Amino acid sequence: MHTLGRISTLRLLISIIIMGSVDISLPVLVDTKAVLSCSPILLTNVIITTWEIFLGDKPPCIRTQRRDTNRISKTNCTDKRMTWLNRPDQIPALQIDPVAITHEGHYRCIVAAHDGNFFYEYQLQVLVAPEVTLFQSENRTAVCKAVAGRPAARISWTPGGDCVPAYEYWSNGTVTVQSTCHWADGNVSIVSCSVFHETGNWSRSIELNPGVRTLAFPVSHLLIILYLKSSIFLVILIIVGIIYFQRINDCSGSWI
């Protein structure tokens, strides 16, 4: 792991020396602190360090520090959550604390030095962890939701069932993902949903209600049951009829 890290750092330095520019995709969790470093060159060679920040359709925020006079200036920079990390003449890094969804965008550090200009660029991606819930909506149907994640989460089930996904997109760029699954197999009692996201993975389990089970009988058995019920009903009618006529005959004899 240390060897791979040294190789990656070496490649980065070679890219800066040869091309004078490095572009990095940087995912950052919302409500955390982010530090964006500038080109790793000797500060004694630096003349001016400039940060250009492009956020959506807003005018770019420009922060500049001139090393020989230690003069600091800024243009269109009203967000107080974005500042120099420390003294820019010592560490020309940009700090965002805390990170908000609106900070997603393009960040460029330009270093004007005695031996040339160097560019260090970040494409900042703001991540939002979803809120995961699992519940049963009706007999043998469960709903797994990953609410307001950025980017959209991915959901899978164990065991697999008859599943229908749904997506709800919010104005702040977050997405709610819902997966509704049904299991017709009565042998499935416990199901689990797994949620995968750039901020982490979650797993939830639930026990399904047994639901209403339908017993299947052959047609011949149903006919026999129907015949027996009809026969019993007919016997009851005959008995009631005999009792009725017997009482009528008794009443007629008493009148005579």
# chains A, B, ... in the order shown; residues from 1 in each chain; ligands from 1
>>> residues_around(residues="Pro165 (chain A)", least_positions_apart="4", cutoff="9 Å", atoms="only C-alpha atoms", output="list in words")
Ile155, Val177, Gln178, Ser179, Thr180 and Cys181 of chain A
>>> write_last_selection(atoms="all heavy atoms", output="mmCIF file, in the first residue's frame")
data_model
loop_
_atom_site.group_PDB
_atom_site.id
_atom_site.type_symbol
_atom_site.label_atom_id
_atom_site.label_comp_id
_atom_site.auth_asym_id
_atom_site.auth_seq_id
_atom_site.Cartn_x
_atom_site.Cartn_y
_atom_site.Cartn_z
ATOM 1 N N ILE A 155 -30.573 -0.296 -4.610
ATOM 2 C CA ILE A 155 -31.232 -1.211 -3.665
ATOM 3 C C ILE A 155 -31.309 -2.606 -4.275
ATOM 4 O O ILE A 155 -31.647 -2.760 -5.448
ATOM 5 C CB ILE A 155 -32.650 -0.714 -3.310
ATOM 6 C CG1 ILE A 155 -32.579 0.658 -2.621
ATOM 7 C CG2 ILE A 155 -33.364 -1.720 -2.415
ATOM 8 C CD1 ILE A 155 -33.940 1.248 -2.300
ATOM 9 N N VAL A 177 -34.993 6.926 -3.498
ATOM 10 C CA VAL A 177 -35.186 5.685 -4.241
ATOM 11 C C VAL A 177 -36.046 4.751 -3.400
ATOM 12 O O VAL A 177 -35.782 4.554 -2.208
ATOM 13 C CB VAL A 177 -33.840 5.009 -4.568
ATOM 14 C CG1 VAL A 177 -34.054 3.748 -5.388
ATOM 15 C CG2 VAL A 177 -32.933 5.978 -5.300
ATOM 16 N N GLN A 178 -37.078 4.194 -4.032
ATOM 17 C CA GLN A 178 -37.974 3.267 -3.331
ATOM 18 C C GLN A 178 -38.096 1.987 -4.142
ATOM 19 O O GLN A 178 -38.254 2.021 -5.359
ATOM 20 C CB GLN A 178 -39.358 3.896 -3.151
ATOM 21 C CG GLN A 178 -40.396 2.943 -2.552
ATOM 22 C CD GLN A 178 -41.720 3.630 -2.306
ATOM 23 O OE1 GLN A 178 -41.798 4.611 -1.568
ATOM 24 N NE2 GLN A 178 -42.777 3.123 -2.919
ATOM 25 N N SER A 179 -38.008 0.859 -3.449
ATOM 26 C CA SER A 179 -38.174 -0.444 -4.092
ATOM 27 C C SER A 179 -39.268 -1.209 -3.348
ATOM 28 O O SER A 179 -39.149 -1.451 -2.140
ATOM 29 C CB SER A 179 -36.862 -1.232 -4.077
ATOM 30 O OG SER A 179 -37.037 -2.505 -4.676
ATOM 31 N N THR A 180 -40.334 -1.550 -4.059
ATOM 32 C CA THR A 180 -41.457 -2.292 -3.484
ATOM 33 C C THR A 180 -41.411 -3.716 -4.010
ATOM 34 O O THR A 180 -41.429 -3.942 -5.223
ATOM 35 C CB THR A 180 -42.796 -1.638 -3.857
ATOM 36 O OG1 THR A 180 -42.778 -0.272 -3.423
ATOM 37 C CG2 THR A 180 -43.961 -2.362 -3.198
ATOM 38 N N CYS A 181 -41.341 -4.683 -3.086
ATOM 39 C CA CYS A 181 -41.177 -6.087 -3.473
ATOM 40 C C CYS A 181 -42.294 -6.952 -2.891
ATOM 41 O O CYS A 181 -42.718 -6.746 -1.750
ATOM 42 C CB CYS A 181 -39.826 -6.622 -2.991
ATOM 43 S SG CYS A 181 -38.569 -6.638 -4.272
#
>>> closest_residue(among="A:Arg204, A:Lys80, A:Arg247, A:Lys33", to="Ser156 (chain A)", atoms="only C-alpha atoms")
A:Arg204
>>> residues_around(residues="Ser192 (chain A)", least_positions_apart="5", cutoff="7 Å", atoms="only C-alpha atoms", output="VMD selection string")
chain A and resid 157 to 158 203 to 206
>>> write_last_selection(atoms="C-alpha atoms", output="compact mmCIF listing (two decimals), in the first residue's frame")
# COMPACT_ATOMS: atom_id res chain seq x y z
CA TRP A 157 -33.20 -7.74 -2.10
CA THR A 158 -32.42 -11.12 -0.54
CA SER A 203 -28.79 -3.64 5.34
CA ARG A 204 -32.27 -3.99 6.87
CA SER A 205 -34.39 -7.12 7.51
CA ILE A 206 -38.06 -7.70 8.19
>>> select_by_dssp(residues="region 84-251 of chain A", states="alpha helix (DSSP H)", output="ChimeraX atom specification")
/A:219-251
>>> residues_around(residues="Ala93 (chain A)", least_positions_apart="3", cutoff="10 Å", atoms="only C-alpha atoms", output="ChimeraX atom specification")
/A:35-39,49,51,83-90,109
>>> write_last_selection(atoms="C-alpha atoms", output="CSV table (one decimal), in the first residue's frame")
chain,number,residue,atom,x,y,z
A,35,VAL,CA,-9.4,21.2,2.4
A,36,LEU,CA,-8.2,21.7,-1.2
A,37,SER,CA,-4.5,21.8,-1.6
A,38,CYS,CA,-2.6,23.7,-4.3
A,39,SER,CA,0.4,22.7,-6.4
A,49,THR,CA,-1.4,32.1,-5.9
A,51,TRP,CA,-8.1,30.3,-6.6
A,83,THR,CA,-11.6,30.8,3.4
A,84,TRP,CA,-7.8,30.3,3.2
A,85,LEU,CA,-6.8,27.3,5.4
A,86,ASN,CA,-4.2,29.3,7.2
A,87,ARG,CA,-1.8,32.0,6.2
A,88,PRO,CA,-1.8,31.7,2.3
A,89,ASP,CA,1.9,32.7,2.2
A,90,GLN,CA,2.6,29.5,4.1
A,109,CYS,CA,-5.7,26.9,-8.2
>>> select_by_dssp(residues="region 23-181 of chain A", states="strand (DSSP E)", output="ChimeraX atom specification")
/A:23-29,34-36,46-54,61-66,71-75,82-84,94-96,105-113,116-127,131-138,141-149,154-158,162-169,175-181
>>> closest_residue(among="A:Thr78, A:Leu29, A:Thr50, A:Val191", to="Arg66 (chain A)", atoms="only C-alpha atoms")
A:Thr50
>>> closest_residue(among="A:Ile72, A:Ala148, A:Val235, A:Leu208", to="Ala129 (chain A)", atoms="only C-alpha atoms")
A:Ala148
>>> closest_residue(among="A:Thr32, A:Gly173, A:Ile110, A:Leu26", to="Ile62 (chain A)", atoms="only C-alpha atoms")
A:Ile110
>>> closest_residue(among="A:Ser25, A:Thr199, A:Ser231, A:Thr44", to="Ala112 (chain A)", atoms="only C-alpha atoms")
A:Thr44
>>> residues_around(residues="Ala184 (chain A)", least_positions_apart="3", cutoff="10 Å", atoms="only C-alpha atoms", output="ChimeraX atom specification")
/A:139-141,161-162,187-188,211
>>> write_last_selection(atoms="all heavy atoms", output="compact mmCIF listing (two decimals), in the first residue's frame")
# COMPACT_ATOMS: atom_id res chain seq x y z
N ASN A 139 -49.92 -7.60 2.81
CA ASN A 139 -49.53 -9.00 2.93
C ASN A 139 -48.41 -9.36 1.96
O ASN A 139 -48.55 -9.22 0.75
CB ASN A 139 -50.74 -9.91 2.69
CG ASN A 139 -51.68 -9.89 3.88
OD1 ASN A 139 -51.28 -9.55 4.98
ND2 ASN A 139 -52.94 -10.25 3.66
N ARG A 140 -47.28 -9.76 2.56
CA ARG A 140 -46.13 -10.29 1.81
C ARG A 140 -45.56 -9.28 0.82
O ARG A 140 -44.99 -9.64 -0.20
CB ARG A 140 -46.51 -11.60 1.10
CG ARG A 140 -47.14 -12.63 2.04
CD ARG A 140 -47.08 -14.02 1.48
NE ARG A 140 -45.69 -14.46 1.27
CZ ARG A 140 -44.84 -14.81 2.24
NH1 ARG A 140 -45.23 -14.77 3.50
NH2 ARG A 140 -43.61 -15.19 1.97
N THR A 141 -45.70 -7.99 1.12
CA THR A 141 -45.11 -6.92 0.32
C THR A 141 -44.33 -6.00 1.24
O THR A 141 -44.86 -5.53 2.25
CB THR A 141 -46.18 -6.13 -0.44
OG1 THR A 141 -46.88 -7.00 -1.34
CG2 THR A 141 -45.54 -5.00 -1.25
N GLY A 161 -37.46 -10.93 -5.19
CA GLY A 161 -38.91 -11.04 -5.33
C GLY A 161 -39.39 -10.32 -6.56
O GLY A 161 -38.60 -10.00 -7.45
N ASP A 162 -40.68 -10.06 -6.61
CA ASP A 162 -41.26 -9.29 -7.71
C ASP A 162 -41.19 -7.82 -7.32
O ASP A 162 -42.02 -7.33 -6.55
CB ASP A 162 -42.71 -9.74 -7.94
CG ASP A 162 -43.35 -9.04 -9.12
OD1 ASP A 162 -42.62 -8.38 -9.89
OD2 ASP A 162 -44.59 -9.13 -9.27
N ASN A 187 -43.18 -19.79 1.63
CA ASN A 187 -42.04 -20.31 2.38
C ASN A 187 -41.04 -19.21 2.73
O ASN A 187 -40.16 -19.43 3.56
CB ASN A 187 -41.34 -21.41 1.57
CG ASN A 187 -42.21 -22.65 1.39
OD1 ASN A 187 -42.97 -22.99 2.29
ND2 ASN A 187 -42.13 -23.29 0.24
N VAL A 188 -41.14 -18.06 2.08
CA VAL A 188 -40.24 -16.94 2.39
C VAL A 188 -40.80 -16.19 3.59
O VAL A 188 -41.90 -15.63 3.54
CB VAL A 188 -40.11 -15.99 1.18
CG1 VAL A 188 -39.25 -14.79 1.55
CG2 VAL A 188 -39.53 -16.73 -0.01
N GLY A 211 -49.91 -13.82 5.80
CA GLY A 211 -50.93 -13.48 4.81
C GLY A 211 -52.05 -14.51 4.77
O GLY A 211 -52.16 -15.40 5.63
>>> atom_distance(atom1="CA of Trp202 (chain A)", atom2="CA of Ile96 (chain A)")
28.1 Å
